[in-house]
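For reference, start-v9.pdb is printed below; it contains PDB, C-alpha atoms, pLDDT in the B column.
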MODEL        1
ATOM      1  CA  MET A   1      15.800  -2.193  15.340  1.00 94.00           C
ATOM      2  CA  LYS A   2      12.613  -3.139  13.489  1.00 97.00           C
ATOM      3  CA  ILE A   3       9.833  -1.060  11.996  1.00 98.00           C
ATOM      4  CA  TRP A   4       6.251  -2.092  12.786  1.00 98.00           C
ATOM      5  CA  ILE A   5       3.358  -0.669  10.764  1.00 98.00           C
ATOM      6  CA  ASP A   6      -0.213  -0.581  12.019  1.00 97.00           C
ATOM      7  CA  ALA A   7      -1.149  -1.248   8.414  1.00 96.00           C
ATOM      8  CA  ASP A   8      -4.957  -1.270   8.319  1.00 88.00           C
ATOM      9  CA  ALA A   9      -5.243   2.521   8.471  1.00 85.00           C
ATOM     10  CA  CYS A  10      -1.817   3.590   7.245  1.00 94.00           C
ATOM     11  CA  PRO A  11      -2.047   5.598   4.005  1.00 94.00           C
ATOM     12  CA  LYS A  12      -0.621   3.839   0.945  1.00 95.00           C
ATOM     13  CA  VAL A  13       1.785   6.705   0.227  1.00 96.00           C
ATOM     14  CA  ILE A  14       3.262   6.359   3.734  1.00 97.00           C
ATOM     15  CA  LYS A  15       3.701   2.607   3.271  1.00 97.00           C
ATOM     16  CA  GLU A  16       5.569   3.305   0.015  1.00 97.00           C
ATOM     17  CA  ILE A  17       7.916   5.736   1.787  1.00 98.00           C
ATOM     18  CA  LEU A  18       8.515   3.097   4.470  1.00 98.00           C
ATOM     19  CA  PHE A  19       9.175   0.348   1.902  1.00 98.00           C
ATOM     20  CA  ARG A  20      11.847   2.481   0.230  1.00 97.00           C
ATOM     21  CA  ALA A  21      13.395   3.382   3.604  1.00 97.00           C
ATOM     22  CA  ALA A  22      13.533  -0.265   4.747  1.00 97.00           C
ATOM     23  CA  GLU A  23      15.351  -1.210   1.557  1.00 97.00           C
ATOM     24  CA  ARG A  24      17.700   1.777   1.724  1.00 96.00           C
ATOM     25  CA  VAL A  25      18.816   1.235   5.322  1.00 96.00           C
ATOM     26  CA  ARG A  26      18.270  -2.541   5.330  1.00 96.00           C
ATOM     27  CA  LEU A  27      15.941  -2.658   8.308  1.00 96.00           C
ATOM     28  CA  PRO A  28      13.251  -5.274   8.855  1.00 98.00           C
ATOM     29  CA  LEU A  29       9.764  -3.856   8.396  1.00 98.00           C
ATOM     30  CA  THR A  30       6.588  -5.727   9.324  1.00 98.00           C
ATOM     31  CA  LEU A  31       3.071  -4.724   8.330  1.00 98.00           C
ATOM     32  CA  VAL A  32       0.428  -5.937  10.787  1.00 98.00           C
ATOM     33  CA  ALA A  33      -3.232  -5.921   9.748  1.00 97.00           C
ATOM     34  CA  ASN A  34      -6.563  -7.722  10.017  1.00 95.00           C
ATOM     35  CA  SER A  35      -6.509  -8.316   6.264  1.00 93.00           C
ATOM     36  CA  LYS A  36      -3.944  -9.360   3.702  1.00 92.00           C
ATOM     37  CA  ILE A  37      -1.665  -6.446   2.831  1.00 91.00           C
ATOM     38  CA  GLN A  38       0.197  -6.202  -0.470  1.00 92.00           C
ATOM     39  CA  HIS A  39       3.868  -5.325  -0.255  1.00 96.00           C
ATOM     40  CA  PRO A  40       6.986  -5.541  -2.411  1.00 96.00           C
ATOM     41  CA  ASN A  41       8.914  -8.770  -2.508  1.00 96.00           C
ATOM     42  CA  SER A  42      11.883  -7.993  -0.274  1.00 97.00           C
ATOM     43  CA  ALA A  43      14.142  -9.674   2.248  1.00 97.00           C
ATOM     44  CA  TYR A  44      13.394  -6.732   4.573  1.00 98.00           C
ATOM     45  CA  ILE A  45       9.595  -6.483   4.265  1.00 98.00           C
ATOM     46  CA  SER A  46       7.054  -8.912   5.675  1.00 98.00           C
ATOM     47  CA  SER A  47       3.435  -8.902   6.769  1.00 97.00           C
ATOM     48  CA  ILE A  48       1.406 -10.543   9.491  1.00 97.00           C
ATOM     49  CA  GLN A  49      -2.341 -11.046   9.168  1.00 97.00           C
ATOM     50  CA  VAL A  50      -4.019 -11.178  12.569  1.00 97.00           C
ATOM     51  CA  ALA A  51      -7.565 -12.190  13.448  1.00 96.00           C
ATOM     52  CA  ALA A  52     -10.336  -9.683  12.907  1.00 93.00           C
ATOM     53  CA  GLY A  53     -11.330  -7.627  15.898  1.00 89.00           C
ATOM     54  CA  ALA A  54     -10.763  -4.345  17.625  1.00 84.00           C
ATOM     55  CA  ASP A  55      -7.159  -3.755  18.651  1.00 90.00           C
ATOM     56  CA  VAL A  56      -5.923  -7.246  17.649  1.00 95.00           C
ATOM     57  CA  ALA A  57      -3.228  -5.785  15.376  1.00 96.00           C
ATOM     58  CA  ASP A  58      -2.304  -3.262  18.066  1.00 95.00           C
ATOM     59  CA  ALA A  59      -1.912  -6.011  20.663  1.00 96.00           C
ATOM     60  CA  TYR A  60       0.267  -8.016  18.280  1.00 98.00           C
ATOM     61  CA  ILE A  61       2.576  -5.057  17.687  1.00 98.00           C
ATOM     62  CA  ILE A  62       2.869  -4.261  21.396  1.00 97.00           C
ATOM     63  CA  ASP A  63       3.555  -7.929  22.217  1.00 97.00           C
ATOM     64  CA  HIS A  64       6.291  -8.281  19.595  1.00 98.00           C
ATOM     65  CA  ALA A  65       7.951  -4.854  19.553  1.00 98.00           C
ATOM     66  CA  GLU A  66      11.135  -4.385  21.543  1.00 97.00           C
ATOM     67  CA  ALA A  67      12.895  -1.388  23.009  1.00 96.00           C
ATOM     68  CA  GLY A  68      14.393   0.698  20.208  1.00 95.00           C
ATOM     69  CA  ASP A  69      11.897  -0.452  17.557  1.00 97.00           C
ATOM     70  CA  LEU A  70       9.796   2.079  15.631  1.00 98.00           C
ATOM     71  CA  GLY A  71       6.024   1.804  15.326  1.00 98.00           C
ATOM     72  CA  ILE A  72       4.091   3.673  12.643  1.00 98.00           C
ATOM     73  CA  THR A  73       0.563   4.362  13.858  1.00 95.00           C
ATOM     74  CA  ALA A  74      -2.117   6.997  14.235  1.00 90.00           C
ATOM     75  CA  ASP A  75      -3.549   4.966  17.142  1.00 90.00           C
ATOM     76  CA  ILE A  76      -2.614   6.847  20.303  1.00 89.00           C
ATOM     77  CA  PRO A  77      -3.119   3.933  22.753  1.00 91.00           C
ATOM     78  CA  LEU A  78      -0.848   1.793  20.549  1.00 94.00           C
ATOM     79  CA  ALA A  79       1.736   4.587  20.505  1.00 94.00           C
ATOM     80  CA  ALA A  80       1.523   4.778  24.314  1.00 94.00           C
ATOM     81  CA  GLY A  81       2.047   1.014  24.581  1.00 95.00           C
ATOM     82  CA  LEU A  82       5.124   1.202  22.358  1.00 97.00           C
ATOM     83  CA  ILE A  83       6.619   4.079  24.334  1.00 95.00           C
ATOM     84  CA  GLU A  84       6.003   2.180  27.565  1.00 94.00           C
ATOM     85  CA  LYS A  85       8.140  -0.669  26.143  1.00 96.00           C
ATOM     86  CA  GLY A  86      10.964   1.700  25.234  1.00 96.00           C
ATOM     87  CA  ALA A  87      10.090   1.723  21.545  1.00 96.00           C
ATOM     88  CA  PHE A  88       9.333   4.786  19.427  1.00 96.00           C
ATOM     89  CA  ALA A  89       6.090   5.814  17.737  1.00 97.00           C
ATOM     90  CA  LEU A  90       5.609   8.012  14.683  1.00 97.00           C
ATOM     91  CA  ASN A  91       2.232   8.858  13.221  1.00 95.00           C
ATOM     92  CA  PRO A  92       1.608   9.028   9.453  1.00 96.00           C
ATOM     93  CA  ARG A  93       1.475  12.826   9.600  1.00 94.00           C
ATOM     94  CA  GLY A  94       5.036  13.002  10.910  1.00 96.00           C
ATOM     95  CA  GLU A  95       4.411  13.571  14.625  1.00 92.00           C
ATOM     96  CA  MET A  96       6.816  11.661  16.843  1.00 94.00           C
ATOM     97  CA  TYR A  97       5.130  10.549  20.052  1.00 92.00           C
ATOM     98  CA  THR A  98       7.356  10.729  23.105  1.00 90.00           C
ATOM     99  CA  SER A  99       7.057  10.114  26.810  1.00 81.00           C
ATOM    100  CA  ASP A 100       6.696  13.908  27.103  1.00 81.00           C
ATOM    101  CA  ASN A 101       3.696  14.288  24.772  1.00 80.00           C
ATOM    102  CA  ILE A 102       1.870  10.946  24.856  1.00 74.00           C
ATOM    103  CA  ARG A 103      -0.103  11.662  28.035  1.00 77.00           C
ATOM    104  CA  SER A 104      -1.617  14.843  26.615  1.00 73.00           C
ATOM    105  CA  ALA A 105      -2.360  13.059  23.324  1.00 67.00           C
ATOM    106  CA  LEU A 106      -4.145  10.274  25.257  1.00 69.00           C
ATOM    107  CA  SER A 107      -6.099  12.827  27.291  1.00 64.00           C
ATOM    108  CA  MET A 108      -7.250  14.653  24.158  1.00 64.00           C
ATOM    109  CA  ARG A 109      -8.173  11.390  22.468  1.00 59.00           C
ATOM    110  CA  ASN A 110     -10.219  10.278  25.486  1.00 59.00           C
ATOM    111  CA  PHE A 111     -11.911  13.683  25.732  1.00 57.00           C
ATOM    112  CA  MET A 112     -12.912  13.585  22.054  1.00 59.00           C
ATOM    113  CA  ASP A 113     -14.085   9.974  22.469  1.00 72.00           C
ATOM    114  CA  ASP A 114     -16.288  11.067  25.400  1.00 64.00           C
ATOM    115  CA  LEU A 115     -17.739  13.891  23.307  1.00 62.00           C
ATOM    116  CA  ARG A 116     -18.546  11.516  20.452  1.00 63.00           C
ATOM    117  CA  GLY A 117     -20.050   9.050  22.946  1.00 72.00           C
ATOM    118  CA  GLY A 118     -22.296  11.873  24.172  1.00 73.00           C
ATOM    119  CA  GLY A 119     -23.556  12.553  20.664  1.00 73.00           C
ATOM    120  CA  VAL A 120     -21.400  15.578  19.854  1.00 67.00           C
ATOM    121  CA  ILE A 121     -20.321  15.604  16.217  1.00 70.00           C
ATOM    122  CA  THR A 122     -16.609  16.349  16.327  1.00 65.00           C
ATOM    123  CA  GLY A 123     -15.628  15.704  12.725  1.00 65.00           C
ATOM    124  CA  GLY A 124     -12.585  13.736  11.773  1.00 64.00           C
ATOM    125  CA  PRO A 125      -8.993  14.573  11.079  1.00 68.00           C
ATOM    126  CA  ALA A 126      -8.133  16.876   8.195  1.00 76.00           C
ATOM    127  CA  ALA A 127      -7.606  15.209   4.837  1.00 84.00           C
ATOM    128  CA  PHE A 128      -4.135  13.718   4.403  1.00 88.00           C
ATOM    129  CA  ASN A 129      -2.138  16.005   2.117  1.00 92.00           C
ATOM    130  CA  GLN A 130       1.274  16.576   0.506  1.00 95.00           C
ATOM    131  CA  ALA A 131       2.548  18.551   3.506  1.00 95.00           C
ATOM    132  CA  ASP A 132       1.711  15.608   5.811  1.00 95.00           C
ATOM    133  CA  ARG A 133       3.549  13.258   3.485  1.00 96.00           C
ATOM    134  CA  GLN A 134       6.622  15.510   3.432  1.00 97.00           C
ATOM    135  CA  GLN A 135       6.563  15.981   7.205  1.00 97.00           C
ATOM    136  CA  PHE A 136       6.430  12.192   7.667  1.00 98.00           C
ATOM    137  CA  ALA A 137       9.300  11.565   5.237  1.00 98.00           C
ATOM    138  CA  ASN A 138      11.464  14.217   6.923  1.00 97.00           C
ATOM    139  CA  GLN A 139      10.772  12.940  10.436  1.00 97.00           C
ATOM    140  CA  LEU A 140      11.429   9.340   9.375  1.00 98.00           C
ATOM    141  CA  ASP A 141      14.749  10.305   7.766  1.00 97.00           C
ATOM    142  CA  ARG A 142      15.826  12.212  10.900  1.00 96.00           C
ATOM    143  CA  PHE A 143      14.863   9.317  13.144  1.00 97.00           C
ATOM    144  CA  LEU A 144      16.604   6.678  11.029  1.00 97.00           C
ATOM    145  CA  SER A 145      19.757   8.782  10.668  1.00 95.00           C
ATOM    146  CA  GLN A 146      19.991   9.354  14.421  1.00 93.00           C
ATOM    147  CA  SER A 147      19.177   5.744  15.301  1.00 90.00           C
ATOM    148  CA  LEU A 148      21.620   4.227  12.849  1.00 84.00           C
ATOM    149  CA  LYS A 149      24.351   6.650  13.913  1.00 83.00           C
ATOM    150  CA  ALA A 150      23.756   5.705  17.577  1.00 84.00           C
ATOM    151  CA  GLN A 151      23.947   1.969  16.727  1.00 79.00           C
ATOM    152  CA  GLN A 152      27.340   2.481  15.032  1.00 75.00           C
ATOM    153  CA  SER A 153      28.763   4.302  18.061  1.00 69.00           C
TER     154      SER A 153
ENDMDL
END
Using the file provided, produce a representation of the structure as structure tokens.
Amino acid sequence: MKIWIDADACPKVIKEILFRAAERVRLPLTLVANSKIQHPNSAYISSIQVAAGADVADAYIIDHAEAGDLGITADIPLAAGLIEKGAFALNPRGEMYTSDNIRSALSMRNFMDDLRGGGVITGGPAAFNQADRQQFANQLDRFLSQSLKAQQS
């Protein structure tokens, strides 16, 4: 299993949680972004800089992720692509996307996109806060514990 981070928009505090987790459980973690991303010097952590452009990092992650990998992203189409490959997707606020909930998330995203395209001001997501950080850390720990336990069986 590998961890893939859609790193351009991932909050720094979430990256730090992921860096510590990768070291703790000794899992490869790759940050993918359109720009150079700073990360700790580690045998488990690497980064890939892709060309600038819409969805280039997303396409890279989908192309390289394998079944069982974990993607960290707030991008719902990327999450859907990962789930389609048999991988897992967790957003920075701690919501695990699944085959059961991804369709409704895509529908809501497309609906909001249509509203914005029609000139409706929809606002953005709520500010990232301590509760989001805690929810993410808890969900990540649960996921890693379950995944590592399943690999040992």
Q | Option closest in space to Ala65 of chain A, from A:Cys10, A:Leu144, A:Leu78, A:Ala87 [counting all atoms listed in the file] | A |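 Answer, going by the shortest atom-to-atom distance: A:Ala87.
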(Q) I need the output of the PyMOL selection byres ((chain A and resi 138-141) around 9) for this file as number ranges by chain; which residues are they? (A) A: 18, 21, 90, 94-96, 133-137, 142-146
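Taking atom CA of Val13 of chain A and atom CA of Ala74 of chain A as the two end points, the separation is 14.5 Å.
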Padded axis-aligned box of segment 16-32 of chain A (6 Å per side), centre and edge lengths, Å, one decimal, as lines of an AutoDock Vina configuration file:
center_x = 9.6
center_y = -0.1
center_z = 5.4
size_x = 30.4
size_y = 23.7
size_z = 22.8
Q: Would you mind telling me which residue in A:Phe88, A:Val25, A:Asn41, A:Ser104 lies nearest to Lys149 of chain A when using only C-alpha atoms?
A: A:Val25
**Q.** Å distance separating atom CA of Arg26 of chain A from atom CA of His39 of chain A, one decimal place
**A.**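 Taking atom CA of Arg26 of chain A and atom CA of His39 of chain A, their separation equals 15.7 Å.
One distance worth recording is that between atom CA of Asp8 of chain A and atom CA of Ala59 of chain A, which is 13.6 Å.
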Q: Return as an NGL selection string the set of residues that the PyMOL selection byres ((chain A and resi 6) around 7) yields on the displayed structure.
A: :A and (4-5 or 7-10 or 31-33 or 57-58 or 72-73)
File of the preceding selection, C-alpha atoms, as a JSON list (two decimals), in the frame of the given file:
[["chain", "number", "residue", "atom", "x", "y", "z"],
["A", 4, "TRP", "CA", 6.25, -2.09, 12.79],
["A", 5, "ILE", "CA", 3.36, -0.67, 10.76],
["A", 7, "ALA", "CA", -1.15, -1.25, 8.41],
["A", 8, "ASP", "CA", -4.96, -1.27, 8.32],
["A", 9, "ALA", "CA", -5.24, 2.52, 8.47],
["A", 10, "CYS", "CA", -1.82, 3.59, 7.24],
["A", 31, "LEU", "CA", 3.07, -4.72, 8.33],
["A", 32, "VAL", "CA", 0.43, -5.94, 10.79],
["A", 33, "ALA", "CA", -3.23, -5.92, 9.75],
["A", 57, "ALA", "CA", -3.23, -5.78, 15.38],
["A", 58, "ASP", "CA", -2.30, -3.26, 18.07],
["A", 72, "ILE", "CA", 4.09, 3.67, 12.64],
["A", 73, "THR", "CA", 0.56, 4.36, 13.86]]
Q) Quick one: of A:Arg103, A:Ala89, A:Lys36, A:Ile83, who's nearest to Gln49 of chain A, counting all atoms listed in the file? A)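 Comparing A:Arg103, A:Ala89, A:Lys36, A:Ile83 against Gln49 of chain A, the winner is A:Lys36.
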Q | Who sits within 6 Å of Asp69 of chain A, only C-alpha atoms, same chain under 6 positions skipped, as a list in words | A | Met1, Lys2, Ile3 and Ala87 of chain A
Q. Taking all atoms listed in the file into account, which of A:Ile17, A:Ile102, A:Ala43, A:Ala51 comes nearest Pro77 of chain A?
A.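 Of the candidates, the smallest distance to Pro77 of chain A is held by A:Ile102.
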(Q) Considering only C-alpha atoms, can you say which of A:Glu23, A:Glu16, A:Asp132, A:Glu66 comes closest to Gly81 of chain A? (A)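 Closest candidate: A:Glu66.
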Matched chain/residue IDs from the PyMOL selection byres ((chain A and resi 42) around 12), as an mmCIF file with C-alpha atoms, in the coordinates of the input:
data_model
loop_
_atom_site.group_PDB
_atom_site.id
_atom_site.type_symbol
_atom_site.label_atom_id
_atom_site.label_comp_id
_atom_site.auth_asym_id
_atom_site.auth_seq_id
_atom_site.Cartn_x
_atom_site.Cartn_y
_atom_site.Cartn_z
ATOM 1 C CA PHE A 19 9.175 0.348 1.902
ATOM 2 C CA ARG A 20 11.847 2.481 0.230
ATOM 3 C CA ALA A 22 13.533 -0.265 4.747
ATOM 4 C CA GLU A 23 15.351 -1.210 1.557
ATOM 5 C CA ARG A 24 17.700 1.777 1.724
ATOM 6 C CA ARG A 26 18.270 -2.541 5.330
ATOM 7 C CA LEU A 27 15.941 -2.658 8.308
ATOM 8 C CA PRO A 28 13.251 -5.274 8.855
ATOM 9 C CA LEU A 29 9.764 -3.856 8.396
ATOM 10 C CA THR A 30 6.588 -5.727 9.324
ATOM 11 C CA GLN A 38 0.197 -6.202 -0.470
ATOM 12 C CA HIS A 39 3.868 -5.325 -0.255
ATOM 13 C CA PRO A 40 6.986 -5.541 -2.411
ATOM 14 C CA ASN A 41 8.914 -8.770 -2.508
ATOM 15 C CA ALA A 43 14.142 -9.674 2.248
ATOM 16 C CA TYR A 44 13.394 -6.732 4.573
ATOM 17 C CA ILE A 45 9.595 -6.483 4.265
ATOM 18 C CA SER A 46 7.054 -8.912 5.675
ATOM 19 C CA SER A 47 3.435 -8.902 6.769
#
My structure is short of atoms at segment 18-35 of chain A; please model N, CA, C and O atoms there, returning them as a PDB file, keeping the file's coordinate frame.
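out-v7.pdb, freshly written:
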ATOM      1  N   LEU A  18       7.910   4.046   3.532  1.00 98.00           N
ATOM      2  CA  LEU A  18       8.515   3.097   4.470  1.00 98.00           C
ATOM      3  C   LEU A  18       9.179   1.927   3.747  1.00 98.00           C
ATOM      4  O   LEU A  18      10.254   1.472   4.162  1.00 98.00           O
ATOM      5  N   PHE A  19       8.568   1.441   2.675  1.00 98.00           N
ATOM      6  CA  PHE A  19       9.175   0.348   1.902  1.00 98.00           C
ATOM      7  C   PHE A  19      10.534   0.775   1.355  1.00 98.00           C
ATOM      8  O   PHE A  19      11.518   0.034   1.451  1.00 98.00           O
ATOM      9  N   ARG A  20      10.579   1.984   0.783  1.00 97.00           N
ATOM     10  CA  ARG A  20      11.847   2.481   0.230  1.00 97.00           C
ATOM     11  C   ARG A  20      12.896   2.658   1.343  1.00 97.00           C
ATOM     12  O   ARG A  20      14.067   2.318   1.160  1.00 97.00           O
ATOM     13  N   ALA A  21      12.465   3.170   2.487  1.00 97.00           N
ATOM     14  CA  ALA A  21      13.395   3.382   3.604  1.00 97.00           C
ATOM     15  C   ALA A  21      13.942   2.052   4.125  1.00 97.00           C
ATOM     16  O   ALA A  21      15.144   1.940   4.402  1.00 97.00           O
ATOM     17  N   ALA A  22      13.088   1.045   4.260  1.00 97.00           N
ATOM     18  CA  ALA A  22      13.533  -0.265   4.747  1.00 97.00           C
ATOM     19  C   ALA A  22      14.589  -0.853   3.820  1.00 97.00           C
ATOM     20  O   ALA A  22      15.588  -1.410   4.280  1.00 97.00           O
ATOM     21  N   GLU A  23      14.374  -0.724   2.531  1.00 97.00           N
ATOM     22  CA  GLU A  23      15.351  -1.210   1.557  1.00 97.00           C
ATOM     23  C   GLU A  23      16.652  -0.420   1.637  1.00 97.00           C
ATOM     24  O   GLU A  23      17.741  -0.986   1.631  1.00 97.00           O
ATOM     25  N   ARG A  24      16.530   0.900   1.720  1.00 96.00           N
ATOM     26  CA  ARG A  24      17.700   1.777   1.724  1.00 96.00           C
ATOM     27  C   ARG A  24      18.602   1.522   2.925  1.00 96.00           C
ATOM     28  O   ARG A  24      19.812   1.435   2.792  1.00 96.00           O
ATOM     29  N   VAL A  25      17.998   1.396   4.113  1.00 96.00           N
ATOM     30  CA  VAL A  25      18.816   1.235   5.322  1.00 96.00           C
ATOM     31  C   VAL A  25      18.875  -0.215   5.804  1.00 96.00           C
ATOM     32  O   VAL A  25      19.479  -0.506   6.834  1.00 96.00           O
ATOM     33  N   ARG A  26      18.237  -1.102   5.045  1.00 96.00           N
ATOM     34  CA  ARG A  26      18.270  -2.541   5.330  1.00 96.00           C
ATOM     35  C   ARG A  26      17.783  -2.882   6.732  1.00 96.00           C
ATOM     36  O   ARG A  26      18.451  -3.567   7.491  1.00 96.00           O
ATOM     37  N   LEU A  27      16.580  -2.387   7.025  1.00 96.00           N
ATOM     38  CA  LEU A  27      15.941  -2.658   8.308  1.00 96.00           C
ATOM     39  C   LEU A  27      14.709  -3.525   8.088  1.00 96.00           C
ATOM     40  O   LEU A  27      13.954  -3.293   7.141  1.00 96.00           O
ATOM     41  N   PRO A  28      14.472  -4.478   8.974  1.00 98.00           N
ATOM     42  CA  PRO A  28      13.251  -5.274   8.855  1.00 98.00           C
ATOM     43  C   PRO A  28      12.011  -4.420   9.131  1.00 98.00           C
ATOM     44  O   PRO A  28      11.996  -3.627  10.075  1.00 98.00           O
ATOM     45  N   LEU A  29      11.021  -4.586   8.295  1.00 98.00           N
ATOM     46  CA  LEU A  29       9.764  -3.856   8.396  1.00 98.00           C
ATOM     47  C   LEU A  29       8.639  -4.876   8.347  1.00 98.00           C
ATOM     48  O   LEU A  29       8.634  -5.741   7.473  1.00 98.00           O
ATOM     49  N   THR A  30       7.713  -4.798   9.288  1.00 98.00           N
ATOM     50  CA  THR A  30       6.588  -5.727   9.324  1.00 98.00           C
ATOM     51  C   THR A  30       5.281  -4.954   9.334  1.00 98.00           C
ATOM     52  O   THR A  30       5.077  -4.092  10.187  1.00 98.00           O
ATOM     53  N   LEU A  31       4.417  -5.283   8.381  1.00 98.00           N
ATOM     54  CA  LEU A  31       3.071  -4.724   8.330  1.00 98.00           C
ATOM     55  C   LEU A  31       2.156  -5.662   9.116  1.00 98.00           C
ATOM     56  O   LEU A  31       2.211  -6.881   8.914  1.00 98.00           O
ATOM     57  N   VAL A  32       1.355  -5.123  10.005  1.00 98.00           N
ATOM     58  CA  VAL A  32       0.428  -5.937  10.787  1.00 98.00           C
ATOM     59  C   VAL A  32      -0.979  -5.417  10.520  1.00 98.00           C
ATOM     60  O   VAL A  32      -1.243  -4.221  10.657  1.00 98.00           O
ATOM     61  N   ALA A  33      -1.877  -6.330  10.116  1.00 97.00           N
ATOM     62  CA  ALA A  33      -3.232  -5.921   9.748  1.00 97.00           C
ATOM     63  C   ALA A  33      -4.207  -7.077   9.928  1.00 97.00           C
ATOM     64  O   ALA A  33      -3.802  -8.237  10.015  1.00 97.00           O
ATOM     65  N   ASN A  34      -5.501  -6.726   9.936  1.00 95.00           N
ATOM     66  CA  ASN A  34      -6.563  -7.722  10.017  1.00 95.00           C
ATOM     67  C   ASN A  34      -6.851  -8.360   8.661  1.00 95.00           C
ATOM     68  O   ASN A  34      -7.595  -9.322   8.588  1.00 95.00           O
ATOM     69  N   SER A  35      -6.294  -7.796   7.607  1.00 93.00           N
ATOM     70  CA  SER A  35      -6.509  -8.316   6.264  1.00 93.00           C
ATOM     71  C   SER A  35      -5.159  -8.472   5.576  1.00 93.00           C
ATOM     72  O   SER A  35      -4.149  -7.964   6.045  1.00 93.00           O
TER      73      SER A  35
END
